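A.B. asks: I have a structure I would like to understand better, so I am pasting it below and will then ask my questions one at a time.
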Amino acid sequence: MAAAGAGIRLHPACRVRQEGFGLLFYDARGPRLLFAETGSLLPVDFYGSVRGKDEFPEGLTENQKKALQKFVAQLLEKGFLREQSLC
Amino acid sequence: MSNRYVEMGLRAPVNLTWEVSLACNLRCTTCLSASGEPAAGELSTAEALDLVEQVHQAGVFQINFGGGEPFLRKDFEDILEACHTRGIMTCISTNGTLIDRRLVERLAATRLVAIQVSMDGATRETCDAIRGKGVFDKAITALRILAASSIPTSINTVLTAQNADEIPAMHEMARTLGVSLRVSRFRPSGRGADNWEALRPSPAQLLAFSDWLANSGDVRTGDSFFSLTSQERQGLGLNLCGAAKLTCCVGPTGNMYPCAFLQTDRFKAGSLRENTFQEIWDSSEIYESFRNLRIHSCEECNRFDQCHGGCPAVAWHLKNDINGGDPECLERCVTSIADANKTAKAA
């Protein structure tokens with residue numbers, strides 16, 4: 001996950017869009033695709049701006065937040081999201 | 001690559017190949033679209049800009065521009081600007097002859113463009129025999145200018161019988177220039193069909209290239225060689241034809257096709273002058289047939305999971321049958337060499 005004081009946002013080389021199954025991520029550097037079966041858990045534009053590491057879309061249950069945290073860690077590891085200073 | 005999601009159908013292509021003009025200042029013998037003079041009735045600037053907006057609304061991530069030589073279109077930078085202001089990534093396939101420092105500075109400032117410069121040999125002789133006299137030197141000059149910029153740049157080489165032995169040297173040349181190498185498959189469409197027998201790589205060359213590729217992880221192939229891809233490269237790209245599923249093609253006059261190698265009336269999915277981009281993507285019978293295409297004749301092959309029957313365009317151009325499986329897949333190369341050896345022994 002992101003270091004303290006850092007936020008997370010979509011990598012500039014990446015794009016994301018909503019599909020029926022969830023989110024489709026695209027990384028132009030590969031190019032690579034990531035099919036994420038997120039349903040409507042994560043709004044498509046959520047990481048279009050810098051988000052705090054503990055910031056979640058409204059209305060999620062604790063279990064959903066845990067699942068999302070795990071997914072965000074994967075996206076960071078794969079380079080679709082990147083850490084960025086909050087200020 | 002998750003075939004399951006692709007087969008469920010995406011709401012738009014991931015990327016679009018857009019041949020913005022048939023006009024070209026070269027007459028390369030491998031040209032997939034037989035470019036030269038502009039096509040009659042090419043999309044106007046207003047139509048092109050409207051298409052960019054439609055593609056943006058559809059959610060397409062990237063447009064791969066080709067032709068023809070895209071920079072011959074007077075409004076090409078306006079089209080690029082329309083893409084970039086909407087956040088659409090672009091990749092331009094160019095012959096490099098019109099690239100200069102000022103153009104590169106303008107393009108680099110967008111941060112949303114990548115460029116492929118076509119070069120078909122590591123030597124002047126090999127390259128110019130395919131692309132025309134003096135083109136090798138012009139391409140090298142363009143690559144040096146691009147390599148000094150922030151634009152992700154690659155050499156794009158079409159593998160032919162003539163340059164197959166030079167691919168490792170091209171890889172080294174790309175490394176020395178500070179760019180990457182992308183190798184594309186030679187397909188018998190456009191002028192490539194006229195010169196197919198003279199330029200097609202032999203099964204032995206295809207096999208040797210596949211082996212070399214296995215140990216050259218930084219060489220890109222797009223979706224060109226998935227039917228030849230070894231186990232070592234699985235995960236680097238597609239294991240099925242992405243036409244009408246992940247990608248599609250718009251021709252110079254606004255006709256849509258499954259891919260750039262199938263720009264014929266038989267495979268016309270629709271015209272942007274009659275329907276919208278989204279309508280054609282959603283409703284074209286041609287696209288539907290590609291989405292449902294299953295190469296049953298290849299299902300018993302032990303490599304089926306790796307290529308799903310290969311490139312339908314090659315199957316169509318060589319056998320007139322998109323259901324017949326790729327006649328030049330890795331398995332068929334191996335079989336063809338074994339058969340030739342048997343025949344030679346028997347003789």
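Identifiers in the structure tokens: chain A, B, ... in order shown; residue index from 1 per chain; ligand index from 1 in order shown.
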DSSP on the backbone: which residues in stretch 6-86 of chain A end up as strand (DSSP E)? Give the answer as a list in words.

C.D. replies: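 Of stretch 6-86 of chain A, the ones in strand (DSSP E) are Ala6, Gly7, Ile8, Arg9, Leu10, Cys14, Arg15, Val16, Arg17, Gln18, Glu19, Gly22, Leu23, Leu24, Phe25, Tyr26, Asp27, Arg32, Leu33, Leu34, Phe35, Ala36, Arg51, Gly52, Leu81, Arg82, Glu83, Gln84 and Ser85 of chain A.
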
A.B. asks: Just to be explicit: take each residue in the selection above, keep N, CA and C atoms, and write the result as a PDB file, in the first residue's frame.

C.D. replies:
ATOM      1  N   ALA A   6       1.291   9.701   1.457  1.00  0.00           N
ATOM      2  CA  ALA A   6       1.163   9.598   0.008  1.00  0.00           C
ATOM      3  C   ALA A   6      -0.249   9.178  -0.351  1.00  0.00           C
ATOM      4  N   GLY A   7      -0.656   9.581  -1.542  1.00  0.00           N
ATOM      5  CA  GLY A   7      -1.962   9.169  -2.036  1.00  0.00           C
ATOM      6  C   GLY A   7      -1.788   8.211  -3.194  1.00  0.00           C
ATOM      7  N   ILE A   8      -2.890   7.818  -3.756  1.00  0.00           N
ATOM      8  CA  ILE A   8      -2.868   6.866  -4.867  1.00  0.00           C
ATOM      9  C   ILE A   8      -3.693   7.433  -6.017  1.00  0.00           C
ATOM     10  N   ARG A   9      -3.201   7.238  -7.227  1.00  0.00           N
ATOM     11  CA  ARG A   9      -4.012   7.604  -8.395  1.00  0.00           C
ATOM     12  C   ARG A   9      -3.653   6.723  -9.584  1.00  0.00           C
ATOM     13  N   LEU A  10      -4.482   6.793 -10.600  1.00  0.00           N
ATOM     14  CA  LEU A  10      -4.238   6.022 -11.812  1.00  0.00           C
ATOM     15  C   LEU A  10      -2.924   6.479 -12.442  1.00  0.00           C
ATOM     16  N   CYS A  14      -1.992   4.781 -17.929  1.00  0.00           N
ATOM     17  CA  CYS A  14      -3.104   3.818 -17.836  1.00  0.00           C
ATOM     18  C   CYS A  14      -4.460   4.498 -18.004  1.00  0.00           C
ATOM     19  N   ARG A  15      -5.401   3.716 -18.413  1.00  0.00           N
ATOM     20  CA  ARG A  15      -6.785   4.160 -18.555  1.00  0.00           C
ATOM     21  C   ARG A  15      -7.686   3.062 -17.990  1.00  0.00           C
ATOM     22  N   VAL A  16      -8.905   3.438 -17.628  1.00  0.00           N
ATOM     23  CA  VAL A  16      -9.839   2.452 -17.112  1.00  0.00           C
ATOM     24  C   VAL A  16     -11.249   2.792 -17.593  1.00  0.00           C
ATOM     25  N   ARG A  17     -12.039   1.770 -17.815  1.00  0.00           N
ATOM     26  CA  ARG A  17     -13.436   2.014 -18.183  1.00  0.00           C
ATOM     27  C   ARG A  17     -14.334   0.917 -17.577  1.00  0.00           C
ATOM     28  N   GLN A  18     -15.600   1.266 -17.490  1.00  0.00           N
ATOM     29  CA  GLN A  18     -16.592   0.331 -16.943  1.00  0.00           C
ATOM     30  C   GLN A  18     -17.019  -0.659 -18.017  1.00  0.00           C
ATOM     31  N   GLU A  19     -17.037  -1.913 -17.649  1.00  0.00           N
ATOM     32  CA  GLU A  19     -17.590  -2.957 -18.503  1.00  0.00           C
ATOM     33  C   GLU A  19     -18.657  -3.700 -17.706  1.00  0.00           C
ATOM     34  N   GLY A  22     -17.246  -5.415 -14.626  1.00  0.00           N
ATOM     35  CA  GLY A  22     -16.527  -4.574 -13.662  1.00  0.00           C
ATOM     36  C   GLY A  22     -15.665  -3.558 -14.381  1.00  0.00           C
ATOM     37  N   LEU A  23     -14.369  -3.502 -14.027  1.00  0.00           N
ATOM     38  CA  LEU A  23     -13.494  -2.493 -14.633  1.00  0.00           C
ATOM     39  C   LEU A  23     -12.461  -3.136 -15.562  1.00  0.00           C
ATOM     40  N   LEU A  24     -12.227  -2.457 -16.663  1.00  0.00           N
ATOM     41  CA  LEU A  24     -11.190  -2.888 -17.597  1.00  0.00           C
ATOM     42  C   LEU A  24     -10.074  -1.850 -17.556  1.00  0.00           C
ATOM     43  N   PHE A  25      -8.886  -2.281 -17.109  1.00  0.00           N
ATOM     44  CA  PHE A  25      -7.721  -1.393 -17.042  1.00  0.00           C
ATOM     45  C   PHE A  25      -6.839  -1.624 -18.266  1.00  0.00           C
ATOM     46  N   TYR A  26      -6.248  -0.546 -18.752  1.00  0.00           N
ATOM     47  CA  TYR A  26      -5.363  -0.605 -19.916  1.00  0.00           C
ATOM     48  C   TYR A  26      -4.066   0.131 -19.591  1.00  0.00           C
ATOM     49  N   ASP A  27      -2.954  -0.514 -19.860  1.00  0.00           N
ATOM     50  CA  ASP A  27      -1.647   0.102 -19.639  1.00  0.00           C
ATOM     51  C   ASP A  27      -0.943   0.194 -20.988  1.00  0.00           C
ATOM     52  N   ARG A  32      -0.876  -3.677 -21.805  1.00  0.00           N
ATOM     53  CA  ARG A  32      -1.411  -4.762 -20.980  1.00  0.00           C
ATOM     54  C   ARG A  32      -2.853  -4.436 -20.624  1.00  0.00           C
ATOM     55  N   LEU A  33      -3.623  -5.473 -20.394  1.00  0.00           N
ATOM     56  CA  LEU A  33      -5.013  -5.304 -19.943  1.00  0.00           C
ATOM     57  C   LEU A  33      -5.191  -5.980 -18.601  1.00  0.00           C
ATOM     58  N   LEU A  34      -6.076  -5.462 -17.800  1.00  0.00           N
ATOM     59  CA  LEU A  34      -6.459  -6.141 -16.565  1.00  0.00           C
ATOM     60  C   LEU A  34      -7.969  -6.116 -16.452  1.00  0.00           C
ATOM     61  N   PHE A  35      -8.539  -7.294 -16.389  1.00  0.00           N
ATOM     62  CA  PHE A  35      -9.992  -7.426 -16.266  1.00  0.00           C
ATOM     63  C   PHE A  35     -10.305  -7.619 -14.795  1.00  0.00           C
ATOM     64  N   ALA A  36     -11.009  -6.679 -14.202  1.00  0.00           N
ATOM     65  CA  ALA A  36     -11.275  -6.737 -12.758  1.00  0.00           C
ATOM     66  C   ALA A  36     -12.770  -6.915 -12.519  1.00  0.00           C
ATOM     67  N   ARG A  51      -6.187   9.886  -4.205  1.00  0.00           N
ATOM     68  CA  ARG A  51      -7.000   9.435  -3.071  1.00  0.00           C
ATOM     69  C   ARG A  51      -6.096   9.000  -1.930  1.00  0.00           C
ATOM     70  N   GLY A  52      -6.539   9.244  -0.721  1.00  0.00           N
ATOM     71  CA  GLY A  52      -5.793   8.762   0.434  1.00  0.00           C
ATOM     72  C   GLY A  52      -5.860   7.247   0.484  1.00  0.00           C
ATOM     73  N   LEU A  81      -1.916   1.579 -10.779  1.00  0.00           N
ATOM     74  CA  LEU A  81      -2.021   2.747  -9.891  1.00  0.00           C
ATOM     75  C   LEU A  81      -0.609   3.117  -9.462  1.00  0.00           C
ATOM     76  N   ARG A  82      -0.435   4.374  -9.058  1.00  0.00           N
ATOM     77  CA  ARG A  82       0.878   4.731  -8.510  1.00  0.00           C
ATOM     78  C   ARG A  82       0.698   5.669  -7.329  1.00  0.00           C
ATOM     79  N   GLU A  83       1.710   5.670  -6.469  1.00  0.00           N
ATOM     80  CA  GLU A  83       1.682   6.561  -5.317  1.00  0.00           C
ATOM     81  C   GLU A  83       2.029   7.973  -5.764  1.00  0.00           C
ATOM     82  N   GLN A  84       1.395   8.915  -5.119  1.00  0.00           N
ATOM     83  CA  GLN A  84       1.672  10.309  -5.453  1.00  0.00           C
ATOM     84  C   GLN A  84       1.463  11.164  -4.198  1.00  0.00           C
ATOM     85  N   SER A  85       2.244  12.205  -4.081  1.00  0.00           N
ATOM     86  CA  SER A  85       2.135  13.064  -2.911  1.00  0.00           C
ATOM     87  C   SER A  85       0.717  13.651  -2.810  1.00  0.00           C
TER      88      SER A  85
END

A.B. asks: Any idea which chain B residues end up within 9 Å of chain A if we count only C-alpha atoms, as a list in words please?

C.D. replies: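 Here is what falls inside 9 Å: Met1, Ser2, Tyr5, Met8, Gly9, Leu10, Arg11, Val14, Gly59, Val60, Phe61, Gln62, Gly87, Ile88, Met89, Leu112, Pro152, Arg220, Gly222, Leu236 and Gly237 of chain B.
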
A.B. asks: Name all residues at most 10 Å from B:Cys249 (count only C-alpha atoms; drop same-chain ones fewer than 5 positions away) and give them as JSON, numbers by chain.

C.D. replies: {"B": [13, 15, 16, 17, 18, 19, 63, 64, 65, 243, 244, 254, 255, 256, 257, 258, 259, 260, 261, 262, 263, 268, 269]}

A.B. asks: So which residues of stretch 46-75 of chain A fall under alpha helix (DSSP H) by DSSP, listed as a list in words?

C.D. replies: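 Here is the list: Glu62, Asn63, Gln64, Lys65, Lys66, Ala67, Leu68, Gln69, Lys70, Phe71, Val72, Ala73, Gln74 and Leu75 of chain A.
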